file data-v3.txt (compact mmCIF, C-alpha atoms)
# COMPACT_ATOMS: atom_id res chain seq x y z
CA MET Z 9 -11.44 11.56 1.79
CA GLN Z 10 -12.15 9.00 4.48
CA ASN Z 11 -10.89 5.50 3.79
CA ASN Z 12 -12.56 3.17 6.26
CA LEU Z 13 -10.69 0.08 5.09
CA LEU Z 14 -7.37 1.27 6.48
CA ILE Z 15 -6.16 0.14 9.89
CA PRO Z 16 -4.00 2.13 12.35
CA ALA Z 17 -0.31 2.58 11.54
CA ARG Z 18 0.87 0.61 14.59
CA TYR Z 19 -0.30 -2.65 12.97
CA LYS Z 20 2.31 -2.32 10.24
CA VAL Z 21 5.00 -3.80 12.51
CA LEU Z 22 2.74 -6.77 13.24
CA GLY Z 23 2.22 -7.17 9.48
CA TRP Z 24 5.96 -7.29 8.81
CA ILE Z 25 6.56 -9.75 11.65
CA LEU Z 26 3.85 -12.07 10.29
CA THR Z 27 5.12 -11.71 6.72
CA LEU Z 28 8.71 -12.49 7.65
CA THR Z 29 7.90 -15.35 10.04
CA PHE Z 30 5.48 -17.13 7.73
CA GLY Z 31 7.49 -16.19 4.64
CA ILE Z 32 10.56 -17.94 6.06
CA LEU Z 33 8.37 -20.92 7.03
CA GLY Z 34 6.99 -21.00 3.49
CA PHE Z 35 10.50 -20.84 2.02
CA PHE Z 36 11.62 -23.87 4.04
CA CYS Z 37 8.36 -25.70 3.20
CA LEU Z 38 8.87 -25.09 -0.48
CA PHE Z 39 12.59 -25.73 -0.91
CA TYR Z 40 13.48 -28.05 1.98
CA ASP Z 41 10.15 -29.88 2.39
CA PHE Z 42 9.91 -28.74 5.99
CA LYS Z 43 6.75 -29.90 7.82
CA PHE Z 44 5.27 -29.72 11.30
CA ASP Z 45 4.09 -33.27 12.07
CA PHE Z 46 1.23 -32.14 14.28
CA LEU Z 47 -0.32 -30.36 11.29
CA THR Z 48 -0.91 -33.61 9.38
CA SER Z 49 -4.53 -34.54 8.78
CA ASN Z 50 -5.63 -38.10 7.93
CA LYS Z 51 -9.34 -37.45 8.02
CA ALA Z 52 -9.84 -38.39 4.39
CA GLU Z 53 -9.07 -42.05 5.02
CA ASN Z 54 -12.38 -42.39 6.87
CA ASN Z 55 -14.31 -40.31 4.40
CA ILE Z 56 -16.87 -42.34 2.44
CA ASN Z 57 -17.51 -39.67 -0.10
CA ASN Z 58 -15.26 -40.50 -3.03
CA ILE Z 59 -15.19 -37.00 -4.43
CA LEU Z 60 -14.28 -35.45 -1.13
CA SER Z 61 -11.73 -38.11 -0.31
CA GLY Z 62 -10.16 -37.38 -3.69
CA ILE Z 63 -9.74 -33.75 -2.73
CA PHE Z 64 -8.91 -34.06 0.94
CA GLN Z 65 -6.21 -36.68 0.90
CA SER Z 66 -3.87 -37.05 3.81
CA ASN Z 67 -2.30 -33.66 3.94
CA ASN Z 68 0.16 -31.67 5.96
CA PHE Z 69 -1.06 -28.14 6.49
CA THR Z 70 2.32 -26.48 7.14
CA ASN Z 71 2.43 -24.91 3.68
CA GLU Z 72 -1.19 -23.75 3.91
CA ILE Z 73 -0.49 -22.12 7.26
CA ALA Z 74 2.67 -20.48 5.84
CA LEU Z 75 0.74 -19.16 2.82
CA THR Z 76 -2.16 -17.85 4.87
CA GLY Z 77 0.16 -16.20 7.40
CA THR Z 78 2.25 -14.53 4.70
CA MET Z 79 -0.83 -13.23 2.90
CA ILE Z 80 -2.44 -11.91 6.08
CA GLY Z 81 0.88 -10.25 7.02
CA LEU Z 82 1.19 -8.59 3.60
CA LEU Z 83 -2.46 -7.49 3.69
CA ILE Z 84 -1.91 -5.87 7.10
CA VAL Z 85 1.15 -4.03 5.76
CA VAL Z 86 -0.77 -2.87 2.67
CA PHE Z 87 -3.83 -1.74 4.61
CA SER Z 88 -2.10 -0.01 7.52
CA LYS Z 89 -2.08 3.77 7.49
CA GLN Z 90 0.96 5.98 7.33
CA LYS Z 91 1.69 8.04 10.45
CA ILE Z 92 0.15 11.02 8.70
CA GLU Z 93 -2.39 9.70 6.23
CA ASP Z 94 -3.47 12.75 4.27
CA GLU Z 95 -5.07 13.15 0.86
CA TYR Z 96 -1.78 13.25 -1.04
CA ILE Z 97 -0.74 9.98 0.57
CA SER Z 98 -4.14 8.57 -0.50
CA LEU Z 99 -3.37 9.65 -4.05
CA LEU Z 100 0.01 7.89 -3.89
CA ARG Z 101 -1.78 4.82 -2.51
CA LEU Z 102 -4.20 4.83 -5.43
CA LYS Z 103 -1.44 5.27 -8.02
CA SER Z 104 0.60 2.44 -6.47
CA LEU Z 105 -2.45 0.17 -6.43
CA GLN Z 106 -3.20 0.91 -10.09
CA LEU Z 107 0.38 0.13 -11.05
CA SER Z 108 0.47 -3.08 -9.02
CA VAL Z 109 -2.80 -4.37 -10.53
CA LEU Z 110 -1.53 -3.53 -14.01
CA ILE Z 111 1.82 -5.27 -13.47
CA SER Z 112 0.12 -8.30 -11.91
CA TYR Z 113 -2.15 -8.74 -14.93
CA LEU Z 114 0.67 -8.16 -17.39
CA ILE Z 115 2.60 -10.95 -15.65
CA LEU Z 116 -0.54 -13.12 -15.79
CA ILE Z 117 -0.85 -12.55 -19.54
CA ILE Z 118 2.81 -13.52 -20.01
CA LEU Z 119 2.41 -16.58 -17.76
CA ASN Z 120 -0.59 -17.60 -19.83
CA PHE Z 121 1.71 -18.17 -22.79
CA CYS Z 122 4.67 -19.59 -20.88
CA PHE Z 123 3.12 -22.22 -18.61
CA TYR Z 124 0.63 -24.96 -19.35
CA GLY Z 125 -1.34 -27.48 -17.30
CA LEU Z 126 -0.52 -27.74 -13.62
CA ASP Z 127 2.48 -25.44 -14.00
CA PHE Z 128 0.08 -22.69 -14.97
CA PHE Z 129 -1.78 -23.09 -11.68
CA SER Z 130 1.41 -22.87 -9.64
CA ALA Z 131 2.41 -19.81 -11.68
CA ILE Z 132 -0.96 -18.20 -10.89
CA PHE Z 133 -0.44 -19.10 -7.26
CA TYR Z 134 2.89 -17.25 -7.09
CA ASN Z 135 1.41 -14.38 -9.05
CA SER Z 136 -1.24 -13.93 -6.35
CA PHE Z 137 1.45 -12.24 -4.26
CA THR Z 138 2.38 -9.80 -7.02
CA VAL Z 139 -0.37 -7.24 -6.36
CA LEU Z 140 0.56 -6.98 -2.69
CA VAL Z 141 4.33 -7.06 -3.14
CA VAL Z 142 4.42 -4.61 -6.07
CA PHE Z 143 2.05 -2.30 -4.20
CA ILE Z 144 4.33 -2.25 -1.15
CA ILE Z 145 7.44 -1.63 -3.26
CA THR Z 146 5.93 1.15 -5.41
CA PHE Z 147 4.17 2.84 -2.49
CA GLN Z 148 7.32 2.84 -0.35
CA TRP Z 149 9.35 4.10 -3.31
CA LYS Z 150 6.91 6.97 -3.90
CA LEU Z 151 7.01 7.85 -0.19
CA PHE Z 152 10.81 7.76 -0.25
CA LYS Z 153 10.90 10.06 -3.28
CA LEU Z 154 8.37 12.38 -1.63
CA GLY Z 155 10.48 12.57 1.51
CA LYS Z 156 13.60 13.30 -0.51
CA GLU Z 157 11.92 16.08 -2.54
CA GLY Z 158 10.55 17.53 0.67
CA THR Z 159 13.96 17.93 2.24
CA THR Z 160 15.62 19.45 -0.82
CA ASN Z 161 12.85 21.97 -1.61
CA GLU Z 162 12.04 23.31 1.81
CA GLU Z 163 11.75 27.10 2.33
CA MET W 7 -3.59 26.16 -10.71
CA LYS W 8 -1.26 28.77 -9.24
CA ASN W 9 -0.96 29.29 -5.52
CA LYS W 10 0.55 31.83 -3.18
CA ILE W 11 1.04 29.62 -0.15
CA LYS W 12 4.73 30.42 0.05
CA ILE W 13 4.02 34.15 0.12
CA GLN W 14 1.32 33.72 2.74
CA ARG W 15 3.68 31.57 4.81
CA ALA W 16 6.29 34.30 4.65
CA ILE W 17 3.75 36.94 5.72
CA HIS W 18 2.64 34.84 8.69
CA ASP W 19 6.16 33.57 9.39
CA PHE W 20 5.14 29.92 9.13
CA THR W 21 7.43 27.10 8.08
CA GLN W 22 6.01 24.30 5.93
CA ALA W 23 5.98 22.14 9.03
CA ASP W 24 3.99 24.76 11.00
CA LEU W 25 1.34 24.95 8.31
CA ALA W 26 1.29 21.17 7.93
CA SER W 27 0.65 20.59 11.61
CA LYS W 28 -2.10 23.23 11.69
CA ILE W 29 -4.08 21.57 8.90
CA GLU W 30 -3.07 18.02 9.87
CA VAL W 31 -1.23 16.94 6.73
CA SER W 32 2.38 15.95 6.20
CA ARG W 33 5.00 18.60 5.47
CA GLN W 34 5.73 16.90 2.17
CA THR W 35 2.12 17.41 1.12
CA ILE W 36 2.46 21.17 1.70
CA ASN W 37 5.64 21.05 -0.35
CA THR W 38 3.91 19.32 -3.29
CA ILE W 39 1.02 21.82 -3.15
CA GLU W 40 3.41 24.80 -3.03
CA SER W 41 5.39 23.53 -5.97
CA GLY W 42 2.19 23.05 -7.98
CA LYS W 43 2.70 19.31 -8.27
CA TYR W 44 -0.51 18.56 -6.43
CA VAL W 45 -3.84 20.40 -6.44
CA PRO W 46 -5.45 20.08 -3.00
CA SER W 47 -9.07 19.14 -2.40
CA THR W 48 -11.60 21.89 -1.72
CA VAL W 49 -11.60 20.98 1.98
CA LEU W 50 -7.83 21.31 2.26
CA ALA W 51 -7.78 24.52 0.22
CA LEU W 52 -10.44 26.05 2.49
CA LYS W 53 -8.50 24.96 5.57
CA ILE W 54 -5.36 26.67 4.24
CA ALA W 55 -7.32 29.86 3.49
CA LYS W 56 -8.81 29.77 6.98
CA ILE W 57 -5.41 29.43 8.63
CA PHE W 58 -4.13 32.48 6.76
CA ASP W 59 -7.46 34.25 7.31
CA VAL W 60 -7.82 35.29 3.66
CA PRO W 61 -10.35 34.47 0.93
CA LEU W 62 -9.63 31.34 -1.06
CA GLU W 63 -9.02 33.32 -4.26
CA THR W 64 -6.17 35.21 -2.62
CA ILE W 65 -4.19 32.01 -2.33
CA PHE W 66 -5.36 29.91 -5.26
CA GLU W 67 -6.02 31.10 -8.76
CA LEU W 68 -6.73 29.37 -12.03
CA GLU W 69 -4.23 29.61 -14.82
CA ASP W 70 -4.55 29.13 -18.58
CA GLY W 71 -5.19 25.52 -19.44
CA ASP W 72 -7.06 24.70 -16.23

call {"tool": "encode", "arguments": {"input": "data-v3.txt", "output": "structure tokens"}}
result
Amino acid sequence: MQNNLLIPARYKVLGWILTLTFGILGFFCLFYDFKFDFLTSNKAENNINNILSGIFQSNNFTNEIALTGTMIGLLIVVFSKQKIEDEYISLLRLKSLQLSVLISYLILIILNFCFYGLDFFSAIFYNSFTVLVVFIITFQWKLFKLGKEGTTNEE
Amino acid sequence: MKNKIKIQRAIHDFTQADLASKIEVSRQTINTIESGKYVPSTVLALKIAKIFDVPLETIFELEDGD
């Protein structure tokens, strides 16, 4: 079965580099209020449209850049092929994706009852990583188990 | 579905890795097929039969419950 959405395996390293770099940036943004000054935008001060100026207030884009970079990195990792991408690996991919979607929505249902108001939106925001992260963990775990079975059962 | 890949491998003196490289799948995939954990697609089954130069039914056969 041909899966045209997958990218060559060599991009996986790039994905991990992006994830780690922007993930660390995001961590410092979130917990230590780290900002790059050159990423501050003051455009909204000159904006005459009240609605828009309400949304686009003076903002530093460090956290947005960190989020985007981390997500792109994780997406590259998720969508890069294995060295040998055969039909059994595709099956493992599908099973891992099903599990990650299921877990993500279960968490969302729980969050729905635990957080209210703005907290709920930040909870949803963090949960947006769940599908990708759980997919990577389950897929790698299945591959690890497959490799282990393969070495013990040979011949 | 039962399969006789292991027997055919022994006849042709192939390791799992040899067979895997010939049909361009991973060795672990051959292992899961041999152990009956995974039923291959028709394309893969036909490729395996072609490598061993035998009819498909010689290698794969249905069992009760299939």

call {"tool": "residues_around", "arguments": {"input": "data-v3.txt", "residues": "Gly34 (chain Z)", "least_positions_apart": "2", "cutoff": "9 Å", "atoms": "only C-alpha atoms", "output": "PyMOL selection string"}}
result
chain Z and resi 29-32+36-39+42+70-75+78

call {"tool": "interface_residues", "arguments": {"input": "data-v3.txt", "of": "chain Z", "to": "chain W", "cutoff": "7 Å", "atoms": "only C-alpha atoms", "output": "list in words"}}
result
Ile92, Asp94, Tyr96, Leu154, Gly155 and Gly158 of chain Z

call {"tool": "atom_distance", "arguments": {"input": "data-v3.txt", "atom1": "CA of Lys10 (chain W)", "atom2": "CA of Phe66 (chain W)"}}
result
6.6 Å

call {"tool": "closest_residue", "arguments": {"input": "data-v3.txt", "among": "Z:Leu107, Z:Leu13, Z:Gly125, Z:Leu100", "to": "Thr138 (chain Z)", "atoms": "only C-alpha atoms"}}
result
Z:Leu107

call {"tool": "atom_distance", "arguments": {"input": "data-v3.txt", "atom1": "CA of Ser27 (chain W)", "atom2": "CA of Gln90 (chain Z)"}}
result
15.2 Å

call {"tool": "atom_distance", "arguments": {"input": "data-v3.txt", "atom1": "CA of Thr48 (chain Z)", "atom2": "CA of Ile25 (chain Z)"}}
result
25.1 Å

call {"tool": "closest_residue", "arguments": {"input": "data-v3.txt", "among": "W:Asp59, W:Asp72, W:Ile54, W:Ile65", "to": "Ile13 (chain W)", "atoms": "all atoms listed in the file"}}
result
W:Ile65

call {"tool": "axis_aligned_box", "arguments": {"input": "data-v3.txt", "around": "region 37-52 of chain Z", "padding_each_side": "4 Å", "output": "AutoDock Vina command-line options"}}
result
--center_x 1.8 --center_y -31.7 --center_z 6.7 --size_x 31.3 --size_y 21.3 --size_z 23.2

call {"tool": "residues_around", "arguments": {"input": "data-v3.txt", "residues": "Ile132 (chain Z)", "least_positions_apart": "6", "cutoff": "9 Å", "atoms": "all atoms listed in the file", "output": "JSON, numbers by chain"}}
result
{"Z": [116, 119, 120]}

call {"tool": "residues_around", "arguments": {"input": "data-v3.txt", "residues": "Ile84 (chain Z)", "least_positions_apart": "3", "cutoff": "8 Å", "atoms": "all atoms listed in the file", "output": "number ranges by chain"}}
result
Z: 15, 19-20, 22-23, 80-81, 87-88

call {"tool": "decode", "arguments": {"input": "data-v3.txt", "residues": "region 20-56 of chain W", "atoms": "N, CA and C atoms", "output": "compact mmCIF listing (two decimals), in the first residue's frame"}}
result
# COMPACT_ATOMS: atom_id res chain seq x y z
N PHE W 20 17.39 -20.38 2.56
CA PHE W 20 17.32 -18.93 2.75
C PHE W 20 17.21 -18.62 4.24
N THR W 21 17.85 -17.57 4.69
CA THR W 21 17.57 -17.08 6.04
C THR W 21 16.38 -16.12 5.93
N GLN W 22 15.84 -15.72 7.06
CA GLN W 22 14.76 -14.73 7.03
C GLN W 22 15.24 -13.45 6.36
N ALA W 23 16.48 -13.08 6.66
CA ALA W 23 17.03 -11.85 6.08
C ALA W 23 17.17 -11.95 4.57
N ASP W 24 17.56 -13.14 4.06
CA ASP W 24 17.68 -13.33 2.61
C ASP W 24 16.34 -13.10 1.94
N LEU W 25 15.32 -13.77 2.49
CA LEU W 25 13.98 -13.65 1.92
C LEU W 25 13.49 -12.20 2.01
N ALA W 26 13.74 -11.59 3.15
CA ALA W 26 13.29 -10.20 3.36
C ALA W 26 13.90 -9.26 2.32
N SER W 27 15.18 -9.42 2.07
CA SER W 27 15.82 -8.51 1.11
C SER W 27 15.33 -8.77 -0.31
N LYS W 28 14.99 -10.04 -0.62
CA LYS W 28 14.51 -10.35 -1.97
C LYS W 28 13.13 -9.74 -2.24
N ILE W 29 12.29 -9.66 -1.22
CA ILE W 29 10.95 -9.10 -1.46
C ILE W 29 10.80 -7.70 -0.86
N GLU W 30 11.93 -7.14 -0.45
CA GLU W 30 12.00 -5.74 0.01
C GLU W 30 11.07 -5.44 1.19
N VAL W 31 11.14 -6.29 2.19
CA VAL W 31 10.47 -5.99 3.47
C VAL W 31 11.50 -6.19 4.58
N SER W 32 11.12 -5.83 5.80
CA SER W 32 12.08 -6.02 6.89
C SER W 32 12.09 -7.48 7.34
N ARG W 33 13.18 -7.91 7.96
CA ARG W 33 13.28 -9.29 8.42
C ARG W 33 12.21 -9.57 9.47
N GLN W 34 11.91 -8.56 10.27
CA GLN W 34 10.90 -8.74 11.31
C GLN W 34 9.53 -9.03 10.72
N THR W 35 9.26 -8.44 9.56
CA THR W 35 7.97 -8.69 8.90
C THR W 35 7.87 -10.16 8.49
N ILE W 36 8.97 -10.71 7.94
CA ILE W 36 8.99 -12.13 7.58
C ILE W 36 8.74 -12.98 8.84
N ASN W 37 9.36 -12.56 9.92
CA ASN W 37 9.21 -13.28 11.18
C ASN W 37 7.74 -13.29 11.65
N THR W 38 7.08 -12.13 11.55
CA THR W 38 5.67 -12.08 11.99
C THR W 38 4.77 -12.90 11.06
N ILE W 39 5.11 -12.93 9.76
CA ILE W 39 4.31 -13.73 8.82
C ILE W 39 4.50 -15.23 9.14
N GLU W 40 5.76 -15.61 9.31
CA GLU W 40 6.08 -17.02 9.61
C GLU W 40 5.38 -17.52 10.87
N SER W 41 5.36 -16.65 11.86
CA SER W 41 4.76 -17.07 13.14
C SER W 41 3.24 -16.96 13.13
N GLY W 42 2.68 -16.53 12.01
CA GLY W 42 1.22 -16.45 11.89
C GLY W 42 0.61 -15.23 12.55
N LYS W 43 1.46 -14.34 13.02
CA LYS W 43 0.96 -13.14 13.70
C LYS W 43 0.38 -12.13 12.70
N TYR W 44 0.90 -12.18 11.50
CA TYR W 44 0.47 -11.22 10.48
C TYR W 44 0.18 -11.95 9.18
N VAL W 45 -0.97 -11.63 8.58
CA VAL W 45 -1.33 -12.20 7.28
C VAL W 45 -0.93 -11.20 6.20
N PRO W 46 -0.04 -11.59 5.31
CA PRO W 46 0.45 -10.61 4.32
C PRO W 46 -0.61 -10.26 3.27
N SER W 47 -0.39 -9.15 2.58
CA SER W 47 -1.29 -8.76 1.50
C SER W 47 -1.11 -9.73 0.34
N THR W 48 -2.04 -9.69 -0.60
CA THR W 48 -1.97 -10.59 -1.76
C THR W 48 -0.67 -10.35 -2.52
N VAL W 49 -0.31 -9.08 -2.66
CA VAL W 49 0.91 -8.74 -3.41
C VAL W 49 2.13 -9.40 -2.77
N LEU W 50 2.23 -9.26 -1.46
CA LEU W 50 3.39 -9.82 -0.75
C LEU W 50 3.38 -11.34 -0.81
N ALA W 51 2.19 -11.93 -0.65
CA ALA W 51 2.06 -13.39 -0.71
C ALA W 51 2.50 -13.89 -2.09
N LEU W 52 2.07 -13.20 -3.15
CA LEU W 52 2.45 -13.60 -4.50
C LEU W 52 3.96 -13.45 -4.73
N LYS W 53 4.53 -12.40 -4.13
CA LYS W 53 5.98 -12.19 -4.26
C LYS W 53 6.73 -13.35 -3.62
N ILE W 54 6.26 -13.76 -2.42
CA ILE W 54 6.91 -14.86 -1.70
C ILE W 54 6.84 -16.15 -2.53
N ALA W 55 5.64 -16.40 -3.08
CA ALA W 55 5.44 -17.60 -3.90
C ALA W 55 6.36 -17.57 -5.13
N LYS W 56 6.53 -16.39 -5.69
CA LYS W 56 7.36 -16.24 -6.89
C LYS W 56 8.84 -16.53 -6.57
